[in-house]
>>> print(open('upload-v7.tsv').read())   # TSV, C-alpha atoms and all ligand atoms
chain	number	residue	atom	x	y	z
A	257	MET	CA	97.94	-45.76	-101.15
A	258	GLY	CA	95.32	-45.38	-103.84
A	259	ASP	CA	92.05	-43.64	-103.18
A	260	ILE	CA	89.47	-45.39	-101.03
A	261	ILE	CA	86.45	-46.85	-102.82
A	262	LEU	CA	84.83	-48.49	-99.78
A	263	GLN	CA	85.10	-47.26	-96.21
A	264	VAL	CA	83.34	-49.14	-93.42
A	265	ASP	CA	83.36	-47.68	-89.90
A	266	HIS	CA	82.08	-49.30	-86.71
A	267	LEU	CA	79.64	-51.59	-88.47
A	268	SER	CA	77.49	-53.87	-86.31
A	269	ALA	CA	74.71	-56.32	-87.16
A	270	ALA	CA	72.67	-58.91	-85.31
A	271	TYR	CA	70.14	-61.72	-85.67
A	272	GLY	CA	67.62	-61.06	-82.96
A	273	GLY	CA	69.68	-60.59	-79.82
A	274	ILE	CA	72.75	-62.28	-81.23
A	275	ARG	CA	75.41	-59.95	-82.53
A	276	ALA	CA	77.06	-61.42	-85.64
A	277	ILE	CA	79.14	-58.34	-86.53
A	278	ASP	CA	80.59	-56.25	-83.75
A	279	ASP	CA	82.13	-52.85	-84.48
A	280	ILE	CA	83.93	-53.67	-87.73
A	281	SER	CA	86.03	-51.06	-89.53
A	282	PHE	CA	88.01	-51.56	-92.73
A	283	HIS	CA	88.55	-50.07	-96.15
A	284	VAL	CA	89.21	-51.08	-99.74
A	285	ASN	CA	91.31	-48.97	-102.09
A	286	ARG	CA	90.31	-48.57	-105.72
A	287	GLY	CA	91.88	-51.30	-107.85
A	288	GLU	CA	92.77	-53.60	-104.97
A	289	ILE	CA	91.89	-57.18	-104.22
A	290	VAL	CA	91.12	-57.27	-100.50
A	291	SER	CA	90.27	-60.52	-98.73
A	292	MET	CA	88.13	-60.91	-95.65
A	293	LEU	CA	89.13	-64.24	-94.12
A	294	GLY	CA	87.73	-66.20	-91.23
A	295	ALA	CA	86.51	-69.58	-90.07
A	296	ASN	CA	82.93	-70.74	-90.42
A	297	GLY	CA	80.65	-68.55	-88.30
A	298	ALA	CA	83.07	-65.61	-88.10
A	299	GLY	CA	80.46	-63.28	-89.57
A	300	LYS	CA	81.79	-62.93	-93.11
A	301	SER	CA	78.50	-63.53	-94.92
A	302	THR	CA	76.64	-61.24	-92.56
A	303	LEU	CA	79.16	-58.52	-93.33
A	304	LEU	CA	78.61	-58.95	-97.07
A	305	LYS	CA	74.85	-58.97	-96.61
A	306	CYS	CA	75.11	-55.64	-94.80
A	307	LEU	CA	77.14	-54.29	-97.70
A	308	SER	CA	74.67	-55.55	-100.32
A	309	GLY	CA	71.67	-54.20	-98.43
A	310	GLU	CA	70.20	-57.65	-97.68
A	311	HIS	CA	70.75	-57.38	-93.94
A	312	ARG	CA	69.95	-54.32	-91.85
A	313	ARG	CA	72.88	-52.86	-89.97
A	314	LEU	CA	72.54	-51.90	-86.32
A	315	GLY	CA	75.04	-49.13	-86.48
A	316	GLY	CA	78.05	-47.84	-88.31
A	317	GLU	CA	78.83	-45.91	-91.45
A	318	ILE	CA	79.47	-47.20	-94.95
A	319	SER	CA	80.74	-44.91	-97.63
A	320	PHE	CA	81.13	-46.07	-101.21
A	321	ASP	CA	82.78	-44.13	-104.01
A	322	GLY	CA	82.69	-40.94	-101.97
A	323	GLN	CA	79.06	-41.10	-100.85
A	324	PRO	CA	77.05	-42.84	-98.11
A	325	LEU	CA	75.86	-46.28	-99.22
A	326	PRO	CA	72.15	-46.33	-100.12
A	327	SER	CA	70.02	-48.80	-98.14
A	328	LYS	CA	68.05	-50.51	-100.94
A	329	CYS	CA	69.67	-53.47	-102.70
A	330	TYR	CA	68.88	-52.21	-106.20
A	331	SER	CA	70.28	-48.74	-105.46
A	332	ILE	CA	73.48	-50.31	-104.17
A	333	VAL	CA	73.82	-52.31	-107.42
A	334	GLU	CA	73.09	-49.16	-109.42
A	335	ARG	CA	75.87	-47.36	-107.58
A	336	GLY	CA	78.26	-50.13	-108.63
A	337	MET	CA	78.53	-52.52	-105.70
A	338	VAL	CA	77.61	-56.05	-106.73
A	339	ILE	CA	77.61	-59.30	-104.76
A	340	VAL	CA	78.34	-62.81	-106.00
A	341	PRO	CA	76.46	-64.64	-103.26
A	342	GLU	CA	77.37	-67.62	-101.16
A	343	GLY	CA	76.34	-70.85	-102.90
A	344	ARG	CA	76.28	-69.21	-106.38
A	345	GLN	CA	72.46	-68.84	-106.41
A	346	ILE	CA	72.13	-69.10	-110.14
A	347	PHE	CA	68.77	-69.94	-111.69
A	348	TYR	CA	68.68	-73.65	-112.51
A	349	LYS	CA	65.72	-73.43	-114.87
A	350	LEU	CA	67.14	-70.58	-116.90
A	351	THR	CA	69.89	-70.91	-119.49
A	352	VAL	CA	73.38	-69.55	-119.05
A	353	PHE	CA	72.49	-66.66	-121.36
A	354	GLU	CA	69.29	-65.90	-119.43
A	355	ASN	CA	71.17	-65.96	-116.12
A	356	LEU	CA	73.60	-63.42	-117.56
A	357	GLN	CA	70.73	-61.21	-118.69
A	358	ILE	CA	69.46	-61.07	-115.12
A	359	GLY	CA	72.82	-59.60	-114.13
A	360	CYS	CA	72.26	-56.61	-116.41
A	361	ALA	CA	68.50	-56.27	-115.90
A	362	GLN	CA	68.94	-52.75	-114.48
A	363	ARG	CA	70.97	-51.52	-117.47
A	364	THR	CA	69.68	-49.93	-120.65
A	365	ASP	CA	72.94	-49.37	-122.57
A	366	ARG	CA	72.58	-52.05	-125.24
A	367	ASP	CA	76.03	-51.59	-126.74
A	368	GLY	CA	77.68	-51.74	-123.34
A	369	ILE	CA	75.74	-54.88	-122.47
A	370	ARG	CA	76.79	-56.53	-125.74
A	371	SER	CA	80.46	-55.74	-125.15
A	372	ASP	CA	80.29	-56.90	-121.52
A	373	LEU	CA	78.76	-60.18	-122.70
A	374	GLU	CA	81.77	-60.64	-124.98
A	375	MET	CA	84.05	-59.71	-122.08
A	376	VAL	CA	82.60	-62.36	-119.73
A	377	TYR	CA	82.61	-64.99	-122.49
A	378	GLY	CA	86.26	-64.07	-123.02
A	379	LEU	CA	87.00	-64.60	-119.33
A	380	PHE	CA	84.99	-67.82	-119.22
A	381	PRO	CA	84.99	-69.51	-122.66
A	382	ARG	CA	83.15	-72.46	-121.09
A	383	LEU	CA	80.10	-70.26	-120.59
A	384	ARG	CA	79.96	-69.35	-124.26
A	385	GLU	CA	80.07	-73.04	-125.14
A	386	ARG	CA	77.20	-73.67	-122.75
A	387	GLU	CA	75.22	-70.51	-123.51
A	388	LYS	CA	71.96	-72.38	-124.16
A	389	GLN	CA	72.41	-74.95	-121.41
A	390	TYR	CA	70.24	-74.79	-118.29
A	391	GLY	CA	72.02	-73.44	-115.22
A	392	GLY	CA	71.08	-76.52	-113.22
A	393	LEU	CA	73.00	-78.76	-115.63
A	394	LEU	CA	76.33	-76.99	-115.12
A	395	SER	CA	79.10	-78.38	-112.94
A	396	GLY	CA	79.84	-76.64	-109.63
A	397	GLY	CA	82.81	-74.82	-111.15
A	398	GLU	CA	80.78	-73.68	-114.15
A	399	GLN	CA	78.01	-72.47	-111.85
A	400	GLN	CA	80.56	-70.40	-109.94
A	401	MET	CA	81.87	-68.97	-113.21
A	402	LEU	CA	78.30	-68.12	-114.18
A	403	ALA	CA	77.68	-66.42	-110.82
A	404	ILE	CA	80.80	-64.28	-111.27
A	405	ALA	CA	79.95	-63.51	-114.89
A	406	ARG	CA	76.41	-62.55	-113.91
A	407	GLY	CA	77.86	-60.17	-111.31
A	408	LEU	CA	80.15	-58.63	-113.92
A	409	MET	CA	77.18	-58.04	-116.25
A	410	ALA	CA	76.06	-55.33	-113.82
A	411	ARG	CA	79.36	-53.57	-114.61
A	412	PRO	CA	80.42	-53.22	-110.96
A	413	LYS	CA	83.03	-50.84	-109.63
A	414	LEU	CA	83.35	-53.18	-106.65
A	415	LEU	CA	82.70	-56.91	-106.99
A	416	MET	CA	82.15	-58.72	-103.68
A	417	LEU	CA	82.36	-62.50	-103.63
A	418	ASP	CA	81.22	-64.81	-100.83
A	419	GLU	CA	83.39	-67.93	-100.74
A	420	PRO	CA	83.70	-68.62	-104.47
A	421	SER	CA	86.05	-71.56	-103.79
A	422	LEU	CA	83.62	-73.46	-101.58
A	423	GLY	CA	83.15	-77.08	-102.66
A	424	LEU	CA	85.29	-76.80	-105.78
A	425	ALA	CA	88.28	-78.92	-106.80
A	426	PRO	CA	91.68	-77.23	-106.30
A	427	ILE	CA	92.34	-76.94	-110.03
A	428	ILE	CA	89.03	-75.10	-110.54
A	429	VAL	CA	89.74	-72.88	-107.52
A	430	ASN	CA	93.07	-71.92	-109.09
A	431	GLN	CA	91.34	-71.03	-112.36
A	432	ILE	CA	88.79	-68.90	-110.57
A	433	MET	CA	91.42	-67.09	-108.50
A	434	GLU	CA	93.42	-66.42	-111.66
A	435	THR	CA	90.32	-65.00	-113.32
A	436	LEU	CA	89.69	-62.75	-110.31
A	437	ARG	CA	93.17	-61.40	-110.77
A	438	GLN	CA	92.38	-60.67	-114.43
A	439	ILE	CA	89.15	-58.95	-113.46
A	440	ALA	CA	90.99	-56.75	-110.95
A	441	SER	CA	93.72	-55.86	-113.41
A	442	SER	CA	91.10	-54.67	-115.88
A	443	GLY	CA	89.90	-52.15	-113.29
A	444	THR	CA	87.24	-53.78	-111.11
A	445	THR	CA	87.99	-53.62	-107.39
A	446	ILE	CA	87.42	-56.89	-105.53
A	447	LEU	CA	86.37	-57.74	-101.99
A	448	LEU	CA	86.85	-61.48	-101.58
A	449	ILE	CA	85.32	-63.36	-98.65
A	450	GLU	CA	87.03	-66.70	-98.12
A	451	GLN	CA	87.68	-69.53	-95.70
A	452	ASN	CA	90.36	-70.74	-98.08
A	453	ALA	CA	92.94	-68.27	-96.78
A	454	LYS	CA	95.90	-69.62	-98.68
A	455	LYS	CA	94.32	-69.35	-102.11
A	456	ALA	CA	92.79	-65.98	-101.35
A	457	LEU	CA	96.02	-64.49	-100.01
A	458	GLN	CA	97.91	-65.56	-103.10
A	459	ILE	CA	95.92	-63.05	-105.16
A	460	SER	CA	95.23	-60.39	-102.51
A	461	ASP	CA	96.90	-57.03	-102.07
A	462	ARG	CA	95.67	-56.86	-98.48
A	463	ALA	CA	93.57	-58.96	-96.16
A	464	TYR	CA	91.65	-58.83	-92.90
A	465	VAL	CA	90.96	-61.77	-90.61
A	466	MET	CA	87.64	-62.02	-88.78
A	467	ASN	CA	86.93	-63.97	-85.63
A	468	VAL	CA	83.49	-64.12	-83.98
A	469	GLY	CA	82.24	-60.85	-85.43
A	470	ARG	CA	85.41	-58.81	-85.11
A	471	ILE	CA	88.46	-58.03	-87.19
A	472	VAL	CA	91.45	-59.46	-85.36
A	473	LEU	CA	94.24	-59.14	-87.92
A	474	GLU	CA	95.12	-57.20	-91.01
A	475	GLY	CA	98.05	-56.99	-93.32
A	476	GLU	CA	99.43	-57.34	-96.80
A	477	GLY	CA	98.49	-60.56	-98.57
A	478	LYS	CA	102.05	-61.79	-98.90
A	479	ALA	CA	102.96	-61.01	-95.29
A	480	LEU	CA	99.93	-62.86	-93.92
A	481	LEU	CA	100.67	-65.80	-96.19
A	482	GLU	CA	104.01	-66.22	-94.48
A	483	ASP	CA	102.59	-65.70	-91.00
A	484	GLU	CA	101.63	-69.35	-90.47
A	485	GLN	CA	101.16	-69.11	-86.72
A	486	LEU	CA	98.74	-66.23	-86.81
A	487	MET	CA	96.84	-67.86	-89.64
A	488	THR	CA	96.39	-71.17	-87.87
A	489	ALA	CA	95.23	-69.43	-84.69
A	490	TYR	CA	92.13	-68.10	-86.48
A	491	LEU	CA	91.68	-70.28	-89.51
A	492	GLY	CA	92.47	-73.77	-88.25
B	501	LIG	N1	69.83	-66.22	-90.51
B	501	LIG	C1	70.48	-66.32	-89.34
B	501	LIG	N2	69.82	-66.36	-88.17
B	501	LIG	C2	70.45	-66.45	-86.99
B	501	LIG	N3	71.78	-66.48	-86.86
B	501	LIG	C3	72.52	-66.45	-87.98
B	501	LIG	C4	71.90	-66.37	-89.28
B	501	LIG	N4	72.89	-66.35	-90.21
B	501	LIG	C5	74.04	-66.41	-89.52
B	501	LIG	N5	73.81	-66.48	-88.20
B	501	LIG	C6	74.86	-66.52	-87.15
B	501	LIG	O1	75.68	-65.39	-87.27
B	501	LIG	C7	77.04	-65.72	-87.08
B	501	LIG	C8	77.85	-65.35	-88.33
B	501	LIG	O2	77.41	-66.13	-89.42
B	501	LIG	P1	77.91	-65.86	-90.90
B	501	LIG	O3	77.88	-64.41	-91.18
B	501	LIG	O4	77.14	-66.75	-91.80
B	501	LIG	O5	79.43	-66.35	-90.79
B	501	LIG	P2	80.43	-66.86	-91.93
B	501	LIG	O6	79.92	-66.41	-93.25
B	501	LIG	O7	81.74	-66.27	-91.56
B	501	LIG	O8	80.45	-68.36	-91.81
B	501	LIG	C9	77.06	-67.23	-86.77
B	501	LIG	O9	77.10	-67.39	-85.39
B	501	LIG	C10	75.76	-67.71	-87.34
B	501	LIG	O10	75.30	-68.85	-86.63
B	502	MG	MG	79.51	-67.46	-94.94
>>> encode(input="upload-v7.tsv", output="structure tokens")
Amino acid sequence: MGDIILQVDHLSAAYGGIRAIDDISFHVNRGEIVSMLGANGAGKSTLLKCLSGEHRRLGGEISFDGQPLPSKCYSIVERGMVIVPEGRQIFYKLTVFENLQIGCAQRTDRDGIRSDLEMVYGLFPRLREREKQYGGLLSGGEQQMLAIARGLMARPKLLMLDEPSLGLAPIIVNQIMETLRQIASSGTTILLIEQNAKKALQISDRAYVMNVGRIVLEGEGKALLEDEQLMTAYLG
């Protein structure tokens, strides 16, 4: 086991009186790809929103990189935990380049920013080709690439993605999963939220399965991939 970069203990969260996350505990080791799987409504996005500081947690402890997680979104990003949100949420009226600049708005290291821009254009050559294109004119797959690239421009230690495969053609999903593997192998830890269990497990070291606000299963990616019965019980 490597050292733990993210440790979550007994996390709960609610919307009004409705508990969306109920006593969740899990961890991510440095360098891993860990997937959090679950059907629609399982609580995956709420979990990520708690981690990114967008949603207040009711209880529980989160420790990141050896320290308690700050509560403000911008402090969490500064510490190195960055979210690629559900539905991409890129800026349609800004260019690809401008969207990428937003990802590094908190940074001041010009040389680092320049080399990270080259790095993301290397990962996604399509984005370099479309650098001056408006975000709103990109295809769904390109928008997802842009959302990931924008996240990387913050130079995260942990990149958290909320359903990057949603609504994309299988061939594009494969490309994106392959790129996530490249990102992880160059040293960025990944927490991947997915409904598409099969694709996610193919690139994951470990995975957890959520069902109505709780973690009901965990295991190595490969083992869960072969555990068809357990998978269909929670993922349909
Ligand atoms: N803004 C919200 N207000 C009220 N309930 C919500 C809100 N967002 C999500 N929920 C509820 O919380 C539960 C978990 O939702 P969510 O975290 O989006 O699940 P997932 O991402 O796994 O589909 C669901 O029952 C959902 O209806
Ligand atoms: Mg969701």
>>> residues_around(input="upload-v7.tsv", residues="region 476-480 of chain A", least_positions_apart="5", cutoff="9 Å", atoms="only C-alpha atoms", output="PyMOL selection string")
chain A and resi 290-291+456-464+486-487
>>> residues_near_ligand(input="upload-v7.tsv", ligand="ligand LIG 501 (chain B)", cutoff="9 Å", atoms="only C-alpha atoms and all ligand atoms", output="MDAnalysis selection string")
chainID A and resid 270:272 274:277 293:305 342 418:419 449:451 466:469
>>> residues_near_point(input="upload-v7.tsv", point="(71.2, -57.3, -96.0)", cutoff="12 Å", atoms="all atoms listed in the file", output="JSON, numbers by chain")
{"A": [269, 270, 271, 301, 302, 303, 304, 305, 306, 307, 308, 309, 310, 311, 312, 313, 314, 326, 327, 328, 329, 330, 332, 339, 341]}
>>> atom_distance(input="upload-v7.tsv", atom1="CA of Asn285 (chain A)", atom2="CA of Ser441 (chain A)")
13.5 Å
>>> closest_residue(input="upload-v7.tsv", among="A:Met337, A:Gln389, A:Leu473, A:Asn452", to="ligand MG 502 (chain B)", atoms="only C-alpha atoms and all ligand atoms")
A:Asn452
>>> build_atoms(input="upload-v7.tsv", residues="region 269-288 of chain A", atoms="N, CA and C atoms", output="PDB file, in the coordinates of the input")
ATOM      1  N   ALA A 269      75.944 -55.704 -86.688  1.00  0.00           N
ATOM      2  CA  ALA A 269      74.710 -56.320 -87.160  1.00  0.00           C
ATOM      3  C   ALA A 269      74.378 -57.505 -86.267  1.00  0.00           C
ATOM      4  N   ALA A 270      73.090 -57.830 -86.208  1.00  0.00           N
ATOM      5  CA  ALA A 270      72.670 -58.910 -85.310  1.00  0.00           C
ATOM      6  C   ALA A 270      71.533 -59.709 -85.928  1.00  0.00           C
ATOM      7  N   TYR A 271      71.340 -60.912 -85.396  1.00  0.00           N
ATOM      8  CA  TYR A 271      70.140 -61.720 -85.670  1.00  0.00           C
ATOM      9  C   TYR A 271      69.404 -61.812 -84.357  1.00  0.00           C
ATOM     10  N   GLY A 272      68.291 -61.127 -84.247  1.00  0.00           N
ATOM     11  CA  GLY A 272      67.620 -61.060 -82.960  1.00  0.00           C
ATOM     12  C   GLY A 272      68.578 -60.458 -81.951  1.00  0.00           C
ATOM     13  N   GLY A 273      68.777 -61.129 -80.839  1.00  0.00           N
ATOM     14  CA  GLY A 273      69.680 -60.590 -79.820  1.00  0.00           C
ATOM     15  C   GLY A 273      71.130 -60.988 -80.029  1.00  0.00           C
ATOM     16  N   ILE A 274      71.382 -61.782 -81.065  1.00  0.00           N
ATOM     17  CA  ILE A 274      72.750 -62.280 -81.230  1.00  0.00           C
ATOM     18  C   ILE A 274      73.537 -61.427 -82.217  1.00  0.00           C
ATOM     19  N   ARG A 275      74.612 -60.849 -81.711  1.00  0.00           N
ATOM     20  CA  ARG A 275      75.410 -59.950 -82.530  1.00  0.00           C
ATOM     21  C   ARG A 275      76.373 -60.757 -83.410  1.00  0.00           C
ATOM     22  N   ALA A 276      76.212 -60.658 -84.717  1.00  0.00           N
ATOM     23  CA  ALA A 276      77.060 -61.420 -85.640  1.00  0.00           C
ATOM     24  C   ALA A 276      78.254 -60.601 -86.124  1.00  0.00           C
ATOM     25  N   ILE A 277      78.079 -59.269 -86.124  1.00  0.00           N
ATOM     26  CA  ILE A 277      79.140 -58.340 -86.530  1.00  0.00           C
ATOM     27  C   ILE A 277      79.248 -57.301 -85.436  1.00  0.00           C
ATOM     28  N   ASP A 278      80.440 -57.105 -84.923  1.00  0.00           N
ATOM     29  CA  ASP A 278      80.590 -56.250 -83.750  1.00  0.00           C
ATOM     30  C   ASP A 278      81.671 -55.191 -83.984  1.00  0.00           C
ATOM     31  N   ASP A 279      81.231 -53.994 -84.389  1.00  0.00           N
ATOM     32  CA  ASP A 279      82.130 -52.850 -84.480  1.00  0.00           C
ATOM     33  C   ASP A 279      83.294 -53.079 -85.468  1.00  0.00           C
ATOM     34  N   ILE A 280      82.915 -53.382 -86.711  1.00  0.00           N
ATOM     35  CA  ILE A 280      83.930 -53.670 -87.730  1.00  0.00           C
ATOM     36  C   ILE A 280      84.280 -52.423 -88.550  1.00  0.00           C
ATOM     37  N   SER A 281      85.557 -52.164 -88.695  1.00  0.00           N
ATOM     38  CA  SER A 281      86.030 -51.060 -89.530  1.00  0.00           C
ATOM     39  C   SER A 281      87.108 -51.574 -90.485  1.00  0.00           C
ATOM     40  N   PHE A 282      86.974 -51.213 -91.756  1.00  0.00           N
ATOM     41  CA  PHE A 282      88.010 -51.560 -92.730  1.00  0.00           C
ATOM     42  C   PHE A 282      87.789 -50.725 -93.992  1.00  0.00           C
ATOM     43  N   HIS A 283      88.742 -50.796 -94.894  1.00  0.00           N
ATOM     44  CA  HIS A 283      88.550 -50.070 -96.150  1.00  0.00           C
ATOM     45  C   HIS A 283      89.124 -50.867 -97.314  1.00  0.00           C
ATOM     46  N   VAL A 284      88.691 -50.491 -98.511  1.00  0.00           N
ATOM     47  CA  VAL A 284      89.210 -51.080 -99.740  1.00  0.00           C
ATOM     48  C   VAL A 284      89.625 -49.932-100.656  1.00  0.00           C
ATOM     49  N   ASN A 285      90.852 -49.983-101.132  1.00  0.00           N
ATOM     50  CA  ASN A 285      91.310 -48.970-102.090  1.00  0.00           C
ATOM     51  C   ASN A 285      90.888 -49.344-103.501  1.00  0.00           C
ATOM     52  N   ARG A 286      90.674 -48.326-104.321  1.00  0.00           N
ATOM     53  CA  ARG A 286      90.310 -48.570-105.720  1.00  0.00           C
ATOM     54  C   ARG A 286      91.385 -49.417-106.400  1.00  0.00           C
ATOM     55  N   GLY A 287      90.949 -50.469-107.085  1.00  0.00           N
ATOM     56  CA  GLY A 287      91.880 -51.300-107.850  1.00  0.00           C
ATOM     57  C   GLY A 287      92.455 -52.476-107.085  1.00  0.00           C
ATOM     58  N   GLU A 288      92.200 -52.526-105.784  1.00  0.00           N
ATOM     59  CA  GLU A 288      92.770 -53.600-104.970  1.00  0.00           C
ATOM     60  C   GLU A 288      91.944 -54.887-105.033  1.00  0.00           C
TER      61      GLU A 288
END
